[in-house]
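**Student:** One file is attached below, entry.cif, containing mmCIF, C-alpha atoms.
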```
data_target
#
loop_
_atom_site.label_atom_id
_atom_site.label_comp_id
_atom_site.auth_asym_id
_atom_site.auth_seq_id
_atom_site.Cartn_x
_atom_site.Cartn_y
_atom_site.Cartn_z
CA MET A 1 2.07 46.22 11.34
CA THR A 2 3.72 48.55 8.83
CA ASP A 3 7.39 49.18 8.11
CA LYS A 4 6.57 52.62 6.76
CA PHE A 5 6.96 54.27 10.16
CA GLN A 6 10.54 54.32 11.43
CA LEU A 7 12.34 55.48 14.56
CA VAL A 8 15.49 57.54 14.13
CA GLY A 9 17.05 55.72 17.07
CA SER A 10 17.10 57.21 20.57
CA LEU A 11 14.41 56.96 23.23
CA LEU A 12 13.91 58.60 26.62
CA ARG A 13 15.91 57.02 29.44
CA PRO A 14 14.18 55.68 32.58
CA THR A 15 14.99 57.43 35.86
CA ASP A 16 17.23 54.74 37.35
CA LEU A 17 19.44 54.69 34.25
CA LEU A 18 19.44 58.49 34.02
CA ASP A 19 20.78 58.74 37.57
CA TYR A 20 23.96 56.95 36.50
CA LYS A 21 24.20 58.91 33.26
CA THR A 22 24.11 62.21 35.17
CA LYS A 23 27.03 61.07 37.31
CA ILE A 24 29.01 60.19 34.17
CA GLU A 25 28.44 63.65 32.71
CA HIS A 26 30.23 65.35 35.59
CA ARG A 27 33.35 63.20 35.77
CA ASP A 28 36.26 63.02 33.35
CA ASP A 29 38.48 60.70 35.36
CA ILE A 30 36.56 57.74 33.92
CA GLN A 31 36.47 56.16 30.47
CA TYR A 32 33.73 54.67 28.30
CA PRO A 33 31.75 52.46 28.85
CA PHE A 34 32.15 53.53 32.52
CA TYR A 35 30.96 50.24 34.07
CA ASP A 36 33.95 49.92 36.38
CA ALA A 37 33.34 53.38 37.85
CA PHE A 38 29.82 52.76 39.13
CA PRO A 39 28.80 49.49 40.82
CA GLY A 40 25.37 48.44 39.58
CA TYR A 41 25.42 50.66 36.48
CA GLN A 42 25.93 47.88 33.94
CA GLU A 43 23.12 45.82 35.42
CA VAL A 44 20.71 48.78 35.32
CA GLU A 45 21.68 49.59 31.73
CA THR A 46 21.26 45.97 30.62
CA ALA A 47 17.81 45.72 32.20
CA ALA A 48 16.76 49.04 30.66
CA ILE A 49 17.86 47.92 27.20
CA GLN A 50 15.94 44.67 27.56
CA GLN A 51 12.84 46.66 28.51
CA ILE A 52 13.12 49.19 25.69
CA ILE A 53 13.54 46.45 23.08
CA ALA A 54 10.41 44.73 24.41
CA GLU A 55 8.50 48.02 24.26
CA GLN A 56 9.56 48.69 20.67
CA LYS A 57 8.31 45.23 19.71
CA ALA A 58 5.06 45.80 21.59
CA HIS A 59 4.52 49.02 19.61
CA ASP A 60 5.01 47.13 16.31
CA LEU A 61 8.28 48.75 15.26
CA THR A 62 9.92 46.67 12.54
CA VAL A 63 13.47 48.02 13.01
CA VAL A 64 14.69 48.27 16.60
CA THR A 65 17.67 49.75 18.43
CA ASP A 66 18.93 49.65 22.01
CA GLY A 67 17.26 53.06 22.40
CA GLU A 68 20.83 54.41 22.47
CA TYR A 69 20.77 53.57 26.18
CA GLY A 70 24.35 52.32 25.96
CA ARG A 71 25.71 55.81 25.32
CA SER A 72 25.54 59.29 26.80
CA MET A 73 25.33 61.27 23.55
CA TRP A 74 24.36 60.37 20.01
CA HIS A 75 27.88 60.87 18.66
CA LEU A 76 30.81 61.21 21.04
CA ASP A 77 30.48 57.77 22.61
CA PHE A 78 31.50 56.24 19.31
CA LEU A 79 34.79 58.14 19.47
CA TRP A 80 35.14 57.36 23.18
CA GLY A 81 34.99 53.69 22.24
CA LEU A 82 37.90 53.94 19.79
CA ALA A 83 41.38 53.03 20.97
CA GLY A 84 43.48 56.20 21.16
CA VAL A 85 40.75 58.58 22.38
CA GLU A 86 40.34 60.23 25.78
CA ARG A 87 37.37 62.33 26.90
CA TYR A 88 37.41 65.31 29.23
CA ILE A 89 35.13 68.06 30.49
CA SER A 90 35.60 71.19 28.40
CA ASP A 91 35.12 74.79 29.49
CA HIS A 92 32.08 75.07 27.21
CA GLY A 93 29.30 73.00 25.67
CA TYR A 94 27.80 73.09 22.19
CA ALA A 95 25.92 76.25 21.21
CA PHE A 96 22.19 75.80 20.61
CA GLU A 97 19.26 78.16 20.18
CA ASP A 98 16.98 78.34 23.22
CA LEU A 99 13.21 78.15 22.93
CA ASP A 100 12.99 81.95 23.16
CA GLY A 101 15.70 82.46 20.53
CA SER A 102 18.50 83.23 22.97
CA HIS A 103 21.78 81.36 23.41
CA PHE A 104 21.70 77.91 25.01
CA GLU A 105 24.68 75.76 25.98
CA THR A 106 24.72 71.97 26.28
CA ARG A 107 26.58 69.70 28.69
CA LYS A 108 30.34 70.21 28.72
CA ASP A 109 31.84 66.71 28.69
CA ILE A 110 32.57 67.10 24.99
CA GLY A 111 36.35 67.44 25.11
CA ILE A 112 38.37 64.98 23.01
CA ARG A 113 42.08 64.15 23.09
CA ILE A 114 43.81 61.80 20.67
CA THR A 115 46.45 59.97 22.69
CA ALA A 116 47.48 57.18 20.29
CA PRO A 117 46.79 56.01 16.72
CA LEU A 118 43.06 55.40 16.34
CA SER A 119 41.58 51.90 16.11
CA GLY A 120 37.99 50.74 15.79
CA LYS A 121 38.64 47.14 16.81
CA ASN A 122 36.80 45.56 19.76
CA HIS A 123 34.41 48.50 20.07
CA HIS A 124 31.85 48.33 22.89
CA TYR A 125 29.07 49.11 20.40
CA LEU A 126 29.49 45.53 19.14
CA ASN A 127 28.54 44.17 22.57
CA LEU A 128 25.48 46.39 22.59
CA TYR A 129 24.55 45.25 19.09
CA LYS A 130 24.91 41.54 19.93
CA ASP A 131 22.73 41.92 23.03
CA THR A 132 20.10 43.84 21.07
CA GLN A 133 20.08 41.32 18.22
CA ALA A 134 19.69 38.42 20.64
CA GLN A 135 16.48 39.98 21.99
CA ALA A 136 15.07 41.36 18.75
CA GLY A 137 13.70 38.06 17.46
CA GLU A 138 12.73 38.44 13.81
CA ARG A 139 12.93 42.25 13.89
CA GLU A 140 15.74 43.99 12.06
CA VAL A 141 18.31 45.75 14.22
CA LYS A 142 20.19 48.87 13.23
CA ILE A 143 23.16 50.51 14.86
CA THR A 144 23.53 54.29 14.82
CA VAL A 145 27.04 55.73 14.47
CA TRP A 146 28.48 59.24 14.23
CA GLY A 147 29.05 60.16 10.57
CA ALA A 148 32.76 60.00 9.72
CA ALA A 149 32.94 63.38 7.99
CA HIS A 150 31.28 65.13 10.92
CA ALA A 151 33.71 63.45 13.32
CA PHE A 152 36.66 64.46 11.12
CA THR A 153 35.43 68.06 10.93
CA GLU A 154 35.00 68.28 14.68
CA LEU A 155 38.47 66.86 15.34
CA THR A 156 40.22 69.10 12.80
CA VAL A 157 38.26 72.28 12.04
CA PHE A 158 36.73 72.73 15.51
CA ASN A 159 39.34 71.12 17.82
CA ASN A 160 42.51 71.35 15.71
CA LEU A 161 43.86 67.98 16.90
CA VAL A 162 46.65 67.89 14.33
CA GLY A 163 50.13 69.37 14.16
CA GLU A 164 53.32 69.46 16.15
CA GLY A 165 53.09 67.47 19.35
CA GLN A 166 49.92 65.71 18.24
CA VAL A 167 49.57 62.02 17.34
CA TYR A 168 48.73 63.05 13.78
CA ALA A 169 50.95 65.72 12.25
CA THR A 170 48.59 66.63 9.40
CA LYS A 171 44.91 66.58 8.53
CA GLU A 172 45.66 64.00 5.86
CA GLU A 173 47.22 61.64 8.41
CA LEU A 174 44.27 62.05 10.78
CA ARG A 175 41.82 61.51 7.95
CA THR A 176 43.56 58.25 7.02
CA GLY A 177 43.66 57.11 10.64
CA LEU A 178 40.02 57.94 11.33
CA ILE A 179 38.75 56.29 8.15
CA ASN A 180 40.77 53.19 8.96
CA ALA A 181 39.23 53.05 12.44
CA TYR A 182 35.73 53.28 10.95
CA LYS A 183 36.54 50.50 8.50
CA GLU A 184 37.87 48.29 11.30
CA PHE A 185 34.66 48.83 13.24
CA LEU A 186 32.40 48.14 10.25
CA THR A 187 34.28 44.96 9.41
CA GLU A 188 33.78 43.58 12.91
CA TYR A 189 30.16 44.76 12.96
CA GLN A 190 29.44 42.80 9.77
CA GLU A 191 31.29 39.77 11.16
CA ALA A 192 29.09 39.97 14.27
CA GLY A 193 25.99 39.69 12.06
CA GLY A 194 25.21 43.37 11.59
CA THR A 195 23.19 44.28 8.50
CA ILE A 196 22.19 47.96 8.91
CA VAL A 197 24.37 50.92 9.86
CA GLN A 198 22.94 54.42 10.16
CA PHE A 199 25.39 57.32 10.12
CA ASP A 200 24.14 60.38 11.98
CA ASP A 201 25.37 63.75 10.80
CA CYS A 202 24.68 67.31 11.97
CA LEU A 203 26.81 69.59 9.82
CA TRP A 204 25.23 69.62 6.35
CA GLU A 205 23.36 72.87 6.99
CA LEU A 206 26.60 74.69 7.79
CA PHE A 207 27.22 74.55 4.04
CA ALA A 208 23.85 76.16 3.21
CA GLU A 209 23.97 79.69 1.81
CA ASP A 210 20.62 80.50 3.41
CA ASN A 211 21.81 79.61 6.94
CA ASP A 212 22.94 82.80 8.66
CA LYS A 213 25.09 80.73 11.05
CA SER A 214 26.81 78.79 8.28
CA PHE A 215 30.39 78.87 7.05
CA PHE A 216 29.11 81.26 4.36
CA ALA A 217 28.49 83.90 7.02
CA GLU A 218 32.24 83.93 7.72
CA GLY A 219 33.19 84.33 4.06
CA ASN A 220 35.04 81.02 4.02
CA GLY A 221 36.95 81.01 0.75
CA GLY A 222 37.70 77.29 0.91
CA LEU A 223 34.13 76.27 1.53
CA GLU A 224 33.61 74.32 -1.70
CA ASP A 225 36.74 72.26 -1.08
CA LEU A 226 35.67 71.61 2.51
CA ALA A 227 32.25 70.42 1.35
CA ASP A 228 33.82 68.17 -1.29
CA GLU A 229 36.14 66.67 1.33
CA PHE A 230 33.18 66.14 3.67
CA VAL A 231 31.20 64.24 1.06
CA ALA A 232 34.24 62.26 -0.08
CA ILE A 233 34.90 60.99 3.46
CA ASN A 234 31.29 59.91 3.92
CA ASN A 235 31.27 58.22 0.53
CA GLU A 236 34.47 56.30 1.20
CA ILE A 237 32.93 54.89 4.36
CA ALA A 238 29.56 54.22 2.69
CA ASP A 239 31.22 52.47 -0.26
CA PHE A 240 33.26 50.28 2.11
CA ALA A 241 30.13 49.37 4.08
CA HIS A 242 28.39 48.44 0.83
CA GLU A 243 31.33 46.21 -0.09
CA LEU A 244 30.73 44.40 3.21
CA GLY A 245 27.09 43.88 2.21
CA LEU A 246 25.63 46.34 4.72
CA LYS A 247 22.59 48.55 4.23
CA VAL A 248 23.89 52.08 4.68
CA TRP A 249 21.53 54.76 5.98
CA THR A 250 22.03 58.32 7.20
CA HIS A 251 20.16 60.74 9.42
CA ASN A 252 20.70 64.46 8.98
CA CYS A 253 20.09 66.19 12.31
CA ARG A 254 19.60 69.92 12.81
CA GLY A 255 20.29 69.76 16.54
CA ASN A 256 18.17 67.98 19.14
CA TYR A 257 18.98 68.78 22.76
CA GLN A 258 16.31 69.21 25.44
CA SER A 259 13.85 70.15 22.67
CA ARG A 260 16.23 72.85 21.33
CA HIS A 261 17.74 73.06 17.84
CA ALA A 262 21.06 74.25 16.43
CA ALA A 263 20.87 74.63 12.65
CA SER A 264 18.81 76.49 10.10
CA GLY A 265 19.34 76.35 6.35
CA THR A 266 17.15 74.64 3.75
CA TYR A 267 17.67 71.29 2.05
CA LYS A 268 17.28 73.06 -1.29
CA ALA A 269 20.54 74.92 -0.69
CA ILE A 270 22.55 71.72 -0.13
CA ALA A 271 20.52 69.13 -2.06
CA GLU A 272 22.86 68.43 -4.95
CA LYS A 273 25.96 67.77 -2.90
CA PHE A 274 24.49 66.27 0.26
CA LEU A 275 21.48 64.38 -1.12
CA ARG A 276 22.25 63.61 -4.74
CA ASP A 277 25.98 62.94 -4.34
CA GLN A 278 26.17 60.99 -1.06
CA HIS A 279 26.10 57.22 -1.48
CA TYR A 280 23.45 56.28 1.07
CA ASP A 281 20.58 53.84 0.61
CA ARG A 282 18.17 55.64 2.91
CA PHE A 283 18.06 59.28 4.06
CA PHE A 284 16.33 60.27 7.31
CA LEU A 285 15.58 63.99 6.79
CA GLU A 286 14.18 66.55 9.24
CA TRP A 287 11.11 68.37 7.95
CA ASP A 288 9.27 69.07 11.19
CA ASP A 289 9.20 72.85 10.69
CA GLU A 290 9.84 75.59 8.15
CA ARG A 291 13.63 75.65 8.69
CA ALA A 292 14.05 72.79 6.20
CA GLY A 293 12.41 74.73 3.38
CA ASP A 294 10.32 73.35 0.54
CA ILE A 295 10.02 69.62 0.03
CA SER A 296 10.85 70.11 -3.65
CA ALA A 297 14.49 69.58 -2.59
CA LEU A 298 13.72 65.87 -3.09
CA GLU A 299 13.80 66.47 -6.86
CA VAL A 300 17.54 65.71 -6.87
CA LEU A 301 16.82 62.08 -5.92
CA LYS A 302 14.54 61.36 -8.87
CA ASP A 303 17.35 59.73 -10.82
CA ARG A 304 18.48 57.55 -7.91
CA PRO A 305 15.78 54.87 -7.86
CA GLU A 306 17.65 52.80 -5.28
CA VAL A 307 17.39 55.54 -2.64
CA GLU A 308 14.65 55.67 0.01
CA VAL A 309 13.68 58.75 2.04
CA VAL A 310 12.34 58.83 5.58
CA LEU A 311 10.51 62.11 6.02
CA GLY A 312 10.84 63.48 9.55
CA LEU A 313 7.55 65.33 9.45
CA LEU A 314 6.67 64.58 13.07
CA SER A 315 8.38 66.26 16.03
CA SER A 316 10.13 64.50 18.90
CA LYS A 317 10.65 67.89 20.55
CA THR A 318 7.03 68.53 21.59
CA ALA A 319 4.83 66.89 24.19
CA THR A 320 1.67 67.12 22.10
CA LEU A 321 0.55 65.03 19.14
CA ASP A 322 1.42 66.32 15.69
CA ASP A 323 -0.81 67.97 13.08
CA GLU A 324 -1.88 65.01 10.96
CA LYS A 325 -3.30 67.20 8.19
CA ARG A 326 0.12 68.84 7.72
CA VAL A 327 1.82 65.44 7.64
CA ILE A 328 -0.53 64.06 4.98
CA THR A 329 -0.23 67.23 2.88
CA LEU A 330 3.57 66.94 2.83
CA LEU A 331 3.48 63.20 2.18
CA ASP A 332 1.24 63.89 -0.82
CA LYS A 333 3.65 66.56 -2.09
CA ALA A 334 6.63 64.23 -1.64
CA SER A 335 4.75 61.46 -3.47
CA GLU A 336 4.42 63.72 -6.49
CA ILE A 337 8.22 63.88 -6.64
CA LEU A 338 9.29 60.36 -5.60
CA PRO A 339 7.28 57.13 -5.83
CA LYS A 340 5.23 56.56 -2.71
CA GLU A 341 6.88 53.17 -2.12
CA ARG A 342 10.27 54.89 -1.71
CA LEU A 343 9.00 57.06 1.16
CA PHE A 344 8.72 56.48 4.91
CA LEU A 345 7.57 58.55 7.90
CA SER A 346 9.37 59.34 11.16
CA HIS A 347 9.90 61.97 13.79
CA GLN A 348 12.57 64.47 12.81
CA CYS A 349 15.05 62.99 15.29
CA GLY A 350 15.25 60.69 18.27
CA PHE A 351 13.62 61.50 21.58
CA ALA A 352 16.89 61.60 23.52
CA SER A 353 19.90 62.41 21.37
CA CYS A 354 21.66 62.94 24.69
CA ASP A 355 20.80 61.41 28.06
CA CYS A 356 18.76 64.38 29.26
CA GLY A 357 16.21 63.81 26.52
CA ASN A 358 13.58 66.12 25.11
CA GLU A 359 10.93 67.87 27.20
CA LEU A 360 8.16 65.30 27.26
CA SER A 361 7.28 62.24 29.31
CA ILE A 362 7.87 58.62 28.37
CA ALA A 363 4.09 58.15 28.07
CA GLN A 364 3.88 61.13 25.71
CA GLN A 365 6.78 59.69 23.69
CA TRP A 366 4.92 56.42 23.10
CA ALA A 367 1.69 58.27 22.28
CA LYS A 368 3.58 60.16 19.57
CA ILE A 369 5.12 56.93 18.27
CA ASP A 370 1.69 55.30 18.16
CA GLN A 371 0.39 58.30 16.23
CA GLY A 372 3.17 57.89 13.70
CA GLN A 373 2.30 54.22 13.27
CA LYS A 374 -1.37 55.10 12.80
CA ILE A 375 -0.66 57.75 10.15
CA ALA A 376 1.72 55.46 8.25
CA THR A 377 -0.72 52.55 8.29
CA ALA A 378 -3.54 54.76 7.02
CA TYR A 379 -1.35 56.29 4.30
CA TRP A 380 0.46 53.20 2.99
CA GLY A 381 -1.64 50.34 4.32
CA GLU A 382 -0.45 47.32 6.32
#
```
Represent the supplied structure as structure tokens.
**Tutor:**
Amino acid sequence: MTDKFQLVGSLLRPTDLLDYKTKIEHRDDIQYPFYDAFPGYQEVETAAIQQIIAEQKAHDLTVVTDGEYGRSMWHLDFLWGLAGVERYISDHGYAFEDLDGSHFETRKDIGIRITAPLSGKNHHYLNLYKDTQAQAGEREVKITVWGAAHAFTELTVFNNLVGEGQVYATKEELRTGLINAYKEFLTEYQEAGGTIVQFDDCLWELFAEDNDKSFFAEGNGGLEDLADEFVAINNEIADFAHELGLKVWTHNCRGNYQSRHAASGTYKAIAEKFLRDQHYDRFFLEWDDERAGDISALEVLKDRPEVEVVLGLLSSKTATLDDEKRVITLLDKASEILPKERLFLSHQCGFASCDCGNELSIAQQWAKIDQGQKIATAYWGE
């Protein structure tokens, strides 16, 4: 068993659980965690989580999750679980790039209303964590949470949930309220026995000059200030989590929906601000294709010896096994920049960032996970 292969977090849902999740997607008269809306749903979800934890242990994974079975999407469920938030079905989904390069739109239950001051107390994620921890045995358990700066940007820049008639009159008030809610959640997570929190974040590449869909493409004059604010929010949350004694990780996602992606832009273009300056202990980075650019972007972490990097060189988007020669070549290049013991291997993202999952079977998913374990064991040893 090696700890050098890691899962980002999410795993493909079984059919019986997916049936309930599909019903949730098309209704906005119900509220997270939706148990009271569907008789039998909670029991099916609980059984599925028990099974996926057992399967992770059987495949020798040293850090386990609930497979993200207790949520519909990688990010919004965290907000849905805050007091003061209401979900609804929007008139559009998120914009992704289809496999042929054309426009692709995701599910539409992405609408958010703030109806009262935000609070992170008594979050349902804590119940999911406690159940996972009880079944994990000696394995470490991590919880994956939407990055605070991404959430703030979506609520303000994209949804404009501030101003007259809103719960929060200004961006500054919403920022304070959101950060407080995150801190309330983290405090109770630590009190429940939590030790690892992983913040998932999709927006870094929007600040990359070489991303033709970035803020740069719009000539955003306040871009530098926006980036500084983004990093400052994440660092305030990371610093608070460290004060609680938590390990604080992050995963940078470039979009992962039914095997489609959303973001281009290289790590080199954002490395100083988003790698060097963010206060995380471990970075999960996506390097499964050429969009991420050269691995030399890791140079900015040379002077941060406490930081570990999980290289997402494998793909959770494909049904076939990955090119092991490519993986080893990039691991060797990364090892010339950072000490080998500071590096890990993973797929670029989870297998089901949203309920629908990527376009492969559960059997193919486990074959790819087993391949990752094999490569890591051969490269680093047991």
**Student:** I'd like the residues picked by the PyMOL selection byres ((chain A and resi 234-247) around 8) written out as a list of chain:residue names, using the chain letters and numbers from the file.
**Tutor:** A:Gly147, A:Ala148, A:Ala149, A:Ile179, A:Tyr182, A:Lys183, A:Leu186, A:Thr187, A:Gln190, A:Gly194, A:Thr195, A:Ile196, A:Val197, A:Phe230, A:Val231, A:Ala232, A:Ile233, A:Val248, A:Trp249, A:Gln278, A:His279, A:Tyr280, A:Asp281
**Student:** Which residues are close to Asp201 of chain A, i.e. within 10 Å by all atoms listed in the file, leaving aside same-chain residues fewer than 4 positions away? Reply as a list in words.
**Tutor:**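 Once the nearby chain positions are removed, what remains is Trp74, His75, Val145, Trp146, Gly147, Ala148, Ala149, His150, Ala151, Asn234, Thr250, His251, Asn252, Cys253, Arg254 and Gly255 of chain A.
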**Student:** If I take atom CA of Gln42 of chain A and atom CA of Lys121 of chain A, how far is one from the other in Å, to one decimal?
**Tutor:**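 Atom CA of Lys121 of chain A lies 21.3 Å from atom CA of Gln42 of chain A.
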**Student:** May I ask which of the residues A:Gln198, A:Ala83, A:Ala208, A:Val157 is the closest one to Leu178 of chain A, counting all atoms listed in the file?
**Tutor:** A:Ala83
**Student:** Using the chain letters and numbers from this file, what does the PyMOL selection byres ((chain A and resi 15) around 12) select? Give the answer as a list in words.
**Tutor:**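 With the PyMOL selection byres ((chain A and resi 15) around 12) on this model, the match is Leu12, Arg13, Pro14, Asp16, Leu17, Leu18, Asp19, Tyr20, Lys21, Thr22, Val44, Glu45, Ala48, Tyr69, Asp355, Cys356, Gly357, Ser361 and Ile362 of chain A.
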**Student:** Point out the residue among A:Phe274, A:Trp366, A:Tyr379, A:Tyr189 with the least atom-to-atom distance to Asp228 of chain A, counting only C-alpha atoms.
**Tutor:**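 When distances to Asp228 of chain A are compared using only C-alpha atoms, the smallest one comes from A:Phe274.
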**Student:** When you look at Glu173 of chain A with a cut-off of 12 Å (counting all atoms listed in the file), what residues show up, excluding the ones that are within fewer than 5 positions of it in the same chain? I need them as a ChimeraX atom specification.
**Tutor:** /A:117-118,152,156,161-163,166-168,178-180
**Student:** Evaluate the PyMOL selection byres ((chain A and resi 49) around 9) here and jot the selected residues down as JSON, numbers by chain.
**Tutor:** {"A": [44, 45, 46, 47, 48, 50, 51, 52, 53, 54, 65, 66, 67, 68, 69, 70, 131, 132]}
**Student:** Closest to Ala319 of chain A among A:Ser335, A:Leu343, A:Gln364, A:Val300, using all atoms listed in the file?
**Tutor:**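 Result for the nearest residue to Ala319 of chain A: A:Gln364.
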**Student:** Pick from A:Asp29, A:Asp332, A:Asp100, A:Asp36: nearest to Tyr88 of chain A, with all atoms listed in the file counted?
**Tutor:**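 Smallest separation from Tyr88 of chain A among the options: A:Asp29.
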**Student:** To one decimal place in Å, what is the distance between atom CA of Tyr32 of chain A and atom CA of Ser119 of chain A?
**Tutor:**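 Between atom CA of Tyr32 of chain A and atom CA of Ser119 of chain A the gap is 14.8 Å.
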**Student:** Between A:Phe78, A:Phe199, A:Tyr35, A:Tyr94, which residue has the minimum interatomic distance to Ala181 of chain A, considering only C-alpha atoms?
**Tutor:** A:Phe78
**Student:** Write out as a list in words which residues come within 12 Å of Glu299 of chain A when counting all atoms listed in the file, dropping same-chain ones fewer than 6 positions away.
**Tutor:**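 Contacts, with the query itself left out: Tyr267, Lys268, Ala271, Glu272, Leu275, Arg276, Pro305, Val309, Lys333, Ala334, Ser335, Glu336, Ile337, Leu338 and Pro339 of chain A.
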**Student:** Write out as a short mmCIF file (atom, residue, chain, number, x, y, z; two decimals) with C-alpha atoms, in the frame of the given file which residues come within 7 Å of Ile110 of chain A when counting all atoms listed in the file, dropping same-chain ones fewer than 2 positions away.
**Tutor:**
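Contents of out01.cif, freshly written:
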```cif
data_model
loop_
_atom_site.label_atom_id
_atom_site.label_comp_id
_atom_site.auth_asym_id
_atom_site.auth_seq_id
_atom_site.Cartn_x
_atom_site.Cartn_y
_atom_site.Cartn_z
CA TYR A 88 37.41 65.31 29.23
CA ILE A 89 35.13 68.06 30.49
CA SER A 90 35.60 71.19 28.40
CA GLY A 93 29.30 73.00 25.67
CA LYS A 108 30.34 70.21 28.72
CA ILE A 112 38.37 64.98 23.01
#
```
**Student:** How many Å lie between atom CA of Arg175 of chain A and atom CA of Leu76 of chain A, rounded to one decimal?
**Tutor:** 17.1 Å
**Student:** Calculated over only C-alpha atoms, which of the candidates A:Gly120, A:Gly9, A:Gly381, A:Gly372 has the smallest distance to His59 of chain A?
**Tutor:**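 Smallest separation from His59 of chain A among the options: A:Gly372.
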**Student:** Let me know the centre plus edge lengths, in Å and rounded to one decimal, of a box with edges along x, y and z that contains all listed atoms of segment 26-39 of chain A and is padded by 4 Å on every side, as JSON.
**Tutor:**
```
{"center_x": 33.6, "center_y": 57.4, "center_z": 34.6, "size_x": 17.7, "size_y": 23.9, "size_z": 20.5}
```
**Student:** Using all atoms listed in the file, which protein or nucleic acid residues come within 12 Å of Asp91 of chain A? Drop anything in the same chain fewer than 5 positions from it, and give the result as a count of residues only.
**Tutor:** 7
